>>> print(open('run09.tsv').read())   # TSV, C-alpha atoms
chain	number	residue	atom	x	y	z
A	291	MET	CA	-10.09	12.37	-1.74
A	292	THR	CA	-13.63	12.07	-2.85
A	293	LEU	CA	-15.12	8.77	-3.86
A	294	GLN	CA	-15.32	9.86	-7.52
A	295	ILE	CA	-11.59	10.62	-7.63
A	296	LYS	CA	-10.81	7.26	-6.01
A	297	ARG	CA	-12.90	5.43	-8.58
A	298	PHE	CA	-11.23	7.34	-11.42
A	299	LEU	CA	-7.77	6.48	-10.06
A	300	LEU	CA	-8.84	2.84	-9.64
A	301	LEU	CA	-9.92	2.76	-13.29
A	302	ILE	CA	-6.57	4.22	-14.40
A	303	PHE	CA	-4.66	1.67	-12.32
A	304	LEU	CA	-6.81	-1.16	-13.67
A	305	VAL	CA	-6.16	-0.15	-17.27
A	306	TRP	CA	-2.45	0.26	-16.50
A	307	GLY	CA	-2.36	-3.13	-14.77
A	308	LEU	CA	-4.23	-4.87	-17.60
A	309	SER	CA	-1.89	-3.49	-20.24
A	310	SER	CA	1.21	-5.01	-18.62
A	311	PRO	CA	2.22	-8.49	-19.79
A	312	ARG	CA	1.49	-11.38	-17.46
A	313	GLY	CA	2.38	-15.01	-17.40
A	314	ASP	CA	0.24	-17.73	-15.96
A	315	ALA	CA	-1.31	-17.05	-12.57
A	316	GLN	CA	1.36	-18.19	-10.19
A	317	ILE	CA	0.93	-18.92	-6.53
A	318	GLN	CA	4.02	-18.24	-4.47
A	319	GLN	CA	4.60	-18.86	-0.79
A	320	GLY	CA	7.18	-17.16	1.36
A	321	LYS	CA	7.67	-14.55	4.03
A	322	ALA	CA	6.47	-10.97	3.85
A	323	SER	CA	7.71	-7.86	5.58
A	324	TYR	CA	6.53	-4.28	5.30
A	325	TYR	CA	7.74	-0.78	4.57
A	326	HIS	CA	7.71	1.38	7.67
A	327	LYS	CA	5.74	4.62	7.73
A	328	ASN	CA	9.02	6.56	8.04
A	329	LEU	CA	9.78	5.80	4.38
A	330	SER	CA	6.79	7.85	3.16
A	331	GLY	CA	7.76	10.20	0.37
A	332	LYS	CA	10.76	8.19	-0.84
A	333	LYS	CA	10.83	7.28	-4.53
A	334	THR	CA	10.11	3.70	-5.56
A	335	TYR	CA	11.48	1.82	-8.57
A	336	SER	CA	8.48	2.86	-10.67
A	337	GLY	CA	9.12	6.53	-9.91
A	338	GLU	CA	6.11	6.92	-7.63
A	339	ARG	CA	6.53	8.23	-4.13
A	340	TYR	CA	5.85	5.70	-1.37
A	341	ASN	CA	2.67	6.40	0.55
A	342	SER	CA	2.14	4.21	3.60
A	343	TYR	CA	-1.66	4.52	3.27
A	344	LEU	CA	-1.83	3.11	-0.26
A	345	TYR	CA	-1.94	-0.63	-0.87
A	346	THR	CA	1.32	-1.17	-2.75
A	347	ALA	CA	4.13	-3.73	-2.66
A	348	ALA	CA	7.65	-4.54	-3.78
A	349	HIS	CA	8.20	-7.83	-5.59
A	350	LYS	CA	11.23	-9.13	-7.46
A	351	LYS	CA	9.55	-10.65	-10.53
A	352	PHE	CA	5.97	-9.47	-11.10
A	353	PRO	CA	5.67	-6.59	-13.61
A	354	MET	CA	4.99	-3.08	-12.35
A	355	GLY	CA	1.27	-2.39	-12.00
A	356	THR	CA	0.34	-6.03	-11.36
A	357	TRP	CA	-2.31	-6.47	-8.68
A	358	LEU	CA	-1.57	-9.25	-6.20
A	359	GLU	CA	-3.69	-11.07	-3.68
A	360	VAL	CA	-1.60	-11.52	-0.52
A	361	THR	CA	-2.93	-13.99	2.06
A	362	ASN	CA	-1.55	-14.39	5.57
A	363	ILE	CA	-1.23	-18.18	5.87
A	364	GLN	CA	-1.59	-18.20	9.65
A	365	SER	CA	-4.76	-16.11	9.89
A	366	GLY	CA	-6.26	-16.47	6.38
A	367	VAL	CA	-6.65	-12.69	6.04
A	368	LYS	CA	-6.36	-11.35	2.48
A	369	SER	CA	-5.23	-8.00	1.16
A	370	TYR	CA	-4.79	-6.72	-2.39
A	371	VAL	CA	-1.71	-4.72	-3.38
A	372	ARG	CA	-0.27	-3.22	-6.57
A	373	VAL	CA	3.40	-3.81	-7.43
A	374	ASN	CA	5.22	-0.47	-7.76
A	375	ASP	CA	8.71	-1.31	-6.48
A	376	ARG	CA	11.46	-3.93	-6.73
A	377	GLY	CA	12.54	-5.86	-3.70
A	378	PRO	CA	12.77	-7.08	-1.03
A	379	HIS	CA	16.53	-7.17	-1.06
A	380	GLN	CA	16.84	-10.06	1.39
A	381	LYS	CA	16.83	-13.62	0.08
A	382	ARG	CA	14.55	-14.90	2.85
A	383	LEU	CA	11.70	-12.50	1.95
A	384	LEU	CA	9.22	-12.86	-0.90
A	385	ILE	CA	7.42	-9.51	-0.78
A	386	ASP	CA	7.41	-6.15	0.99
A	387	VAL	CA	3.97	-4.63	1.45
A	388	SER	CA	2.97	-1.10	2.44
A	389	TYR	CA	2.15	-0.26	6.05
A	390	SER	CA	-1.63	-0.26	5.43
A	391	ALA	CA	-1.56	-3.69	3.81
A	392	ALA	CA	0.68	-5.01	6.60
A	393	LYS	CA	-1.77	-3.69	9.18
A	394	ASP	CA	-4.62	-5.53	7.44
A	395	LEU	CA	-2.57	-8.74	7.20
A	396	GLY	CA	-1.44	-8.59	10.81
A	397	ILE	CA	2.26	-8.27	10.00
A	398	VAL	CA	2.89	-5.01	11.87
A	399	GLY	CA	3.33	-6.57	15.32
A	400	ALA	CA	5.56	-9.44	14.25
A	401	GLY	CA	7.42	-7.72	11.41
A	402	ILE	CA	7.47	-10.84	9.23
A	403	ALA	CA	4.72	-13.35	8.44
A	404	PRO	CA	4.27	-16.35	6.11
A	405	VAL	CA	2.14	-15.38	3.12
A	406	GLN	CA	0.78	-16.72	-0.13
A	407	VAL	CA	0.95	-14.39	-3.15
A	408	ARG	CA	-1.18	-14.75	-6.28
A	409	ALA	CA	-1.45	-12.44	-9.29
A	410	LEU	CA	-5.01	-11.39	-10.08
A	411	GLU	CA	-6.19	-12.16	-13.60
A	412	ALA	CA	-7.98	-9.66	-15.81
A	413	GLY	CA	-11.41	-11.28	-15.36
A	414	GLU	CA	-11.45	-11.12	-11.58
A	415	LEU	CA	-9.55	-7.87	-11.23
A	416	ALA	CA	-12.36	-5.28	-11.40
A	417	ASP	CA	-14.90	-7.02	-9.15
A	418	THR	CA	-12.41	-8.12	-6.52
A	419	LEU	CA	-10.68	-4.76	-6.20
A	420	LEU	CA	-13.86	-2.71	-6.24
A	421	THR	CA	-15.46	-4.71	-3.41
A	422	PHE	CA	-12.20	-4.64	-1.44
A	423	LEU	CA	-11.78	-0.88	-1.80
A	424	GLN	CA	-15.43	-0.15	-0.95
A	425	ARG	CA	-15.19	-2.30	2.19
A	426	ARG	CA	-11.91	-0.69	3.20
A	427	ASP	CA	-13.15	2.86	2.60
A	428	SER	CA	-16.35	2.26	4.55
A	429	LEU	CA	-14.33	0.96	7.52
A	430	ILE	CA	-12.03	3.99	7.41
A	431	LEU	CA	-15.00	6.38	7.35
A	432	LYS	CA	-16.65	4.60	10.30
A	433	GLU	CA	-13.48	4.82	12.37
A	434	HIS	CA	-12.55	8.38	11.33
A	435	PRO	CA	-15.56	10.31	9.98
A	436	TYR	CA	-13.67	13.61	9.97
A	437	ILE	CA	-10.17	13.05	8.66
A	438	ILE	CA	-8.53	16.43	8.60
A	439	HIS	CA	-4.80	16.83	8.86
A	440	VAL	CA	-3.83	20.30	10.03
A	441	LYS	CA	-0.20	21.11	10.49
A	442	LYS	CA	0.27	23.19	13.60
A	443	ALA	CA	2.39	26.26	13.19
A	444	LYS	CA	5.42	26.41	15.41
A	445	LYS	CA	5.67	29.40	17.65
A	446	LYS	CA	8.82	31.40	17.27
A	447	LYS	CA	10.70	32.04	20.44
A	448	LYS	CA	11.38	35.65	21.12
A	449	ARG	CA	15.00	36.41	21.75
A	450	LYS	CA	15.96	38.87	24.32
A	451	LYS	CA	18.26	41.52	23.05
A	452	ARG	CA	21.57	41.74	24.79
A	453	LYS	CA	22.97	45.11	25.66
>>> encode(input="run09.tsv", output="structure tokens")
Amino acid sequence: MTLQIKRFLLLIFLVWGLSSPRGDAQIQQGKASYYHKNLSGKKTYSGERYNSYLYTAAHKKFPMGTWLEVTNIQSGVKSYVRVNDRGPHQKRLLIDVSYSAAKDLGIVGAGIAPVQVRALEAGELADTLLTFLQRRDSLILKEHPYIIHVKKAKKKKKRKKRK
């Protein structure tokens, strides 16, 4: 995706997120897990397809489209995710984040980590997300300047005719 398309999509998500009703900014603490990459393509509660490279999350109570700041309590690392699914379906867990967000937070190795979750308010939403996405995109481009996914064609095995 080009940078212009990403910015356009960010603007759409911001408008969508701002239009949803919110209560007071709550801070919740609990344990977070993550969606595995194998679940890519499955439908979420909102109807979107799960993409492990997008920064999304499942939460039980926050409205769909709400942007959340998720902080790993042990390391202090922050990530920003958009709620697009309901869950997690285990009482001990507070939130399920996408694989990319879990990688940033350091959850991938352990599977579960203590986190603090806070809903972003309208005033801080645009600046915080834009700087986060620009930093993330610049890191991705430095690591992988030529991201091209080519699906290799499988060779068909020739069958020998039996006589």
>>> atom_distance(input="run09.tsv", atom1="CA of Val367 (chain A)", atom2="CA of Phe422 (chain A)")
12.3 Å
>>> atom_distance(input="run09.tsv", atom1="CA of Gly401 (chain A)", atom2="CA of Phe352 (chain A)")
22.6 Å
>>> atom_distance(input="run09.tsv", atom1="CA of Val407 (chain A)", atom2="CA of Ile295 (chain A)")
28.3 Å
>>> closest_residue(input="run09.tsv", among="A:Arg382, A:Lys321, A:Lys327, A:Lys368", to="Ala400 (chain A)", atoms="only C-alpha atoms")
A:Lys321
>>> residues_around(input="run09.tsv", residues="Ser369 (chain A)", least_positions_apart="5", cutoff="12 Å", atoms="all atoms listed in the file", output="PDB file with C-alpha atoms, in the coordinates of the input")
ATOM      1  CA  LEU A 344      -1.830   3.110  -0.260  1.00  0.00           C
ATOM      2  CA  TYR A 345      -1.940  -0.630  -0.870  1.00  0.00           C
ATOM      3  CA  THR A 346       1.320  -1.170  -2.750  1.00  0.00           C
ATOM      4  CA  ALA A 347       4.130  -3.730  -2.660  1.00  0.00           C
ATOM      5  CA  TRP A 357      -2.310  -6.470  -8.680  1.00  0.00           C
ATOM      6  CA  LEU A 358      -1.570  -9.250  -6.200  1.00  0.00           C
ATOM      7  CA  GLU A 359      -3.690 -11.070  -3.680  1.00  0.00           C
ATOM      8  CA  VAL A 360      -1.600 -11.520  -0.520  1.00  0.00           C
ATOM      9  CA  THR A 361      -2.930 -13.990   2.060  1.00  0.00           C
ATOM     10  CA  ASN A 362      -1.550 -14.390   5.570  1.00  0.00           C
ATOM     11  CA  ILE A 363      -1.230 -18.180   5.870  1.00  0.00           C
ATOM     12  CA  VAL A 387       3.970  -4.630   1.450  1.00  0.00           C
ATOM     13  CA  SER A 388       2.970  -1.100   2.440  1.00  0.00           C
ATOM     14  CA  TYR A 389       2.150  -0.260   6.050  1.00  0.00           C
ATOM     15  CA  SER A 390      -1.630  -0.260   5.430  1.00  0.00           C
ATOM     16  CA  ALA A 391      -1.560  -3.690   3.810  1.00  0.00           C
ATOM     17  CA  ALA A 392       0.680  -5.010   6.600  1.00  0.00           C
ATOM     18  CA  LYS A 393      -1.770  -3.690   9.180  1.00  0.00           C
ATOM     19  CA  ASP A 394      -4.620  -5.530   7.440  1.00  0.00           C
ATOM     20  CA  LEU A 395      -2.570  -8.740   7.200  1.00  0.00           C
ATOM     21  CA  GLY A 396      -1.440  -8.590  10.810  1.00  0.00           C
ATOM     22  CA  ILE A 397       2.260  -8.270  10.000  1.00  0.00           C
ATOM     23  CA  VAL A 405       2.140 -15.380   3.120  1.00  0.00           C
ATOM     24  CA  GLN A 406       0.780 -16.720  -0.130  1.00  0.00           C
ATOM     25  CA  VAL A 407       0.950 -14.390  -3.150  1.00  0.00           C
ATOM     26  CA  ARG A 408      -1.180 -14.750  -6.280  1.00  0.00           C
ATOM     27  CA  ALA A 409      -1.450 -12.440  -9.290  1.00  0.00           C
ATOM     28  CA  LEU A 410      -5.010 -11.390 -10.080  1.00  0.00           C
ATOM     29  CA  THR A 418     -12.410  -8.120  -6.520  1.00  0.00           C
ATOM     30  CA  LEU A 419     -10.680  -4.760  -6.200  1.00  0.00           C
ATOM     31  CA  THR A 421     -15.460  -4.710  -3.410  1.00  0.00           C
ATOM     32  CA  PHE A 422     -12.200  -4.640  -1.440  1.00  0.00           C
ATOM     33  CA  LEU A 423     -11.780  -0.880  -1.800  1.00  0.00           C
ATOM     34  CA  ARG A 425     -15.190  -2.300   2.190  1.00  0.00           C
ATOM     35  CA  ARG A 426     -11.910  -0.690   3.200  1.00  0.00           C
TER      36      ARG A 426
END
>>> closest_residue(input="run09.tsv", among="A:Tyr370, A:Arg452, A:Asp417, A:Asp375", to="Tyr340 (chain A)", atoms="only C-alpha atoms")
A:Asp375
>>> closest_residue(input="run09.tsv", among="A:Pro404, A:Tyr325, A:Leu384, A:Lys332", to="Gly366 (chain A)", atoms="all atoms listed in the file")
A:Pro404
>>> residues_around(input="run09.tsv", residues="His349 (chain A)", least_positions_apart="2", cutoff="6 Å", atoms="all atoms listed in the file", output="PyMOL selection string")
chain A and resi 351+376-377+385
>>> build_atoms(input="run09.tsv", residues="region 321-344 of chain A", atoms="N, CA, C and O atoms", output="JSON list (two decimals), in the frame of the given file")
[["chain", "number", "residue", "atom", "x", "y", "z"],
["A", 321, "LYS", "N", 7.85, -15.46, 2.91],
["A", 321, "LYS", "CA", 7.67, -14.55, 4.03],
["A", 321, "LYS", "C", 7.55, -13.12, 3.53],
["A", 321, "LYS", "O", 8.19, -12.73, 2.58],
["A", 322, "ALA", "N", 6.70, -12.36, 4.22],
["A", 322, "ALA", "CA", 6.47, -10.97, 3.85],
["A", 322, "ALA", "C", 6.90, -10.06, 4.99],
["A", 322, "ALA", "O", 6.77, -10.40, 6.17],
["A", 323, "SER", "N", 7.43, -8.92, 4.62],
["A", 323, "SER", "CA", 7.71, -7.86, 5.58],
["A", 323, "SER", "C", 7.00, -6.62, 5.07],
["A", 323, "SER", "O", 6.28, -6.67, 4.08],
["A", 324, "TYR", "N", 7.22, -5.48, 5.73],
["A", 324, "TYR", "CA", 6.53, -4.28, 5.30],
["A", 324, "TYR", "C", 7.44, -3.07, 5.37],
["A", 324, "TYR", "O", 8.43, -3.05, 6.08],
["A", 325, "TYR", "N", 7.07, -2.07, 4.55],
["A", 325, "TYR", "CA", 7.74, -0.78, 4.57],
["A", 325, "TYR", "C", 7.24, 0.00, 5.77],
["A", 325, "TYR", "O", 6.04, 0.09, 5.99],
["A", 326, "HIS", "N", 8.13, 0.58, 6.52],
["A", 326, "HIS", "CA", 7.71, 1.38, 7.67],
["A", 326, "HIS", "C", 7.15, 2.72, 7.21],
["A", 326, "HIS", "O", 7.46, 3.19, 6.11],
["A", 327, "LYS", "N", 6.35, 3.33, 8.06],
["A", 327, "LYS", "CA", 5.74, 4.62, 7.73],
["A", 327, "LYS", "C", 6.80, 5.71, 7.53],
["A", 327, "LYS", "O", 6.58, 6.68, 6.83],
["A", 328, "ASN", "N", 7.96, 5.54, 8.15],
["A", 328, "ASN", "CA", 9.02, 6.56, 8.04],
["A", 328, "ASN", "C", 9.53, 6.72, 6.61],
["A", 328, "ASN", "O", 10.16, 7.72, 6.30],
["A", 329, "LEU", "N", 9.30, 5.74, 5.75],
["A", 329, "LEU", "CA", 9.78, 5.80, 4.38],
["A", 329, "LEU", "C", 8.84, 6.57, 3.45],
["A", 329, "LEU", "O", 9.09, 6.67, 2.26],
["A", 330, "SER", "N", 7.74, 7.10, 3.99],
["A", 330, "SER", "CA", 6.79, 7.85, 3.16],
["A", 330, "SER", "C", 7.49, 8.99, 2.45],
["A", 330, "SER", "O", 8.29, 9.72, 3.03],
["A", 331, "GLY", "N", 7.19, 9.13, 1.16],
["A", 331, "GLY", "CA", 7.76, 10.20, 0.37],
["A", 331, "GLY", "C", 8.99, 9.80, -0.42],
["A", 331, "GLY", "O", 9.40, 10.50, -1.34],
["A", 332, "LYS", "N", 9.58, 8.66, -0.10],
["A", 332, "LYS", "CA", 10.76, 8.19, -0.84],
["A", 332, "LYS", "C", 10.32, 7.64, -2.19],
["A", 332, "LYS", "O", 9.24, 7.06, -2.32],
["A", 333, "LYS", "N", 11.17, 7.78, -3.20],
["A", 333, "LYS", "CA", 10.83, 7.28, -4.53],
["A", 333, "LYS", "C", 10.97, 5.76, -4.59],
["A", 333, "LYS", "O", 11.89, 5.18, -4.02],
["A", 334, "THR", "N", 10.04, 5.13, -5.32],
["A", 334, "THR", "CA", 10.11, 3.70, -5.56],
["A", 334, "THR", "C", 10.72, 3.45, -6.93],
["A", 334, "THR", "O", 11.00, 4.39, -7.67],
["A", 335, "TYR", "N", 10.88, 2.19, -7.28],
["A", 335, "TYR", "CA", 11.48, 1.82, -8.57],
["A", 335, "TYR", "C", 10.67, 2.35, -9.74],
["A", 335, "TYR", "O", 11.21, 2.73, -10.77],
["A", 336, "SER", "N", 9.35, 2.40, -9.58],
["A", 336, "SER", "CA", 8.48, 2.86, -10.67],
["A", 336, "SER", "C", 8.49, 4.38, -10.81],
["A", 336, "SER", "O", 7.92, 4.90, -11.77],
["A", 337, "GLY", "N", 9.10, 5.08, -9.86],
["A", 337, "GLY", "CA", 9.12, 6.53, -9.91],
["A", 337, "GLY", "C", 8.08, 7.18, -9.02],
["A", 337, "GLY", "O", 8.13, 8.38, -8.76],
["A", 338, "GLU", "N", 7.12, 6.39, -8.54],
["A", 338, "GLU", "CA", 6.11, 6.92, -7.63],
["A", 338, "GLU", "C", 6.75, 7.18, -6.27],
["A", 338, "GLU", "O", 7.75, 6.59, -5.92],
["A", 339, "ARG", "N", 6.10, 8.01, -5.50],
["A", 339, "ARG", "CA", 6.53, 8.23, -4.13],
["A", 339, "ARG", "C", 5.77, 7.24, -3.24],
["A", 339, "ARG", "O", 4.59, 7.02, -3.44],
["A", 340, "TYR", "N", 6.48, 6.66, -2.28],
["A", 340, "TYR", "CA", 5.85, 5.70, -1.37],
["A", 340, "TYR", "C", 4.89, 6.42, -0.46],
["A", 340, "TYR", "O", 5.21, 7.43, 0.14],
["A", 341, "ASN", "N", 3.69, 5.89, -0.36],
["A", 341, "ASN", "CA", 2.67, 6.40, 0.55],
["A", 341, "ASN", "C", 2.24, 5.22, 1.41],
["A", 341, "ASN", "O", 1.72, 4.23, 0.89],
["A", 342, "SER", "N", 2.42, 5.33, 2.71],
["A", 342, "SER", "CA", 2.14, 4.21, 3.60],
["A", 342, "SER", "C", 0.65, 3.87, 3.67],
["A", 342, "SER", "O", 0.29, 2.79, 4.12],
["A", 343, "TYR", "N", -0.22, 4.78, 3.21],
["A", 343, "TYR", "CA", -1.66, 4.52, 3.27],
["A", 343, "TYR", "C", -2.21, 3.90, 2.00],
["A", 343, "TYR", "O", -3.38, 3.53, 1.95],
["A", 344, "LEU", "N", -1.39, 3.78, 0.96],
["A", 344, "LEU", "CA", -1.83, 3.11, -0.26],
["A", 344, "LEU", "C", -1.46, 1.63, -0.18],
["A", 344, "LEU", "O", -0.52, 1.26, 0.50]]
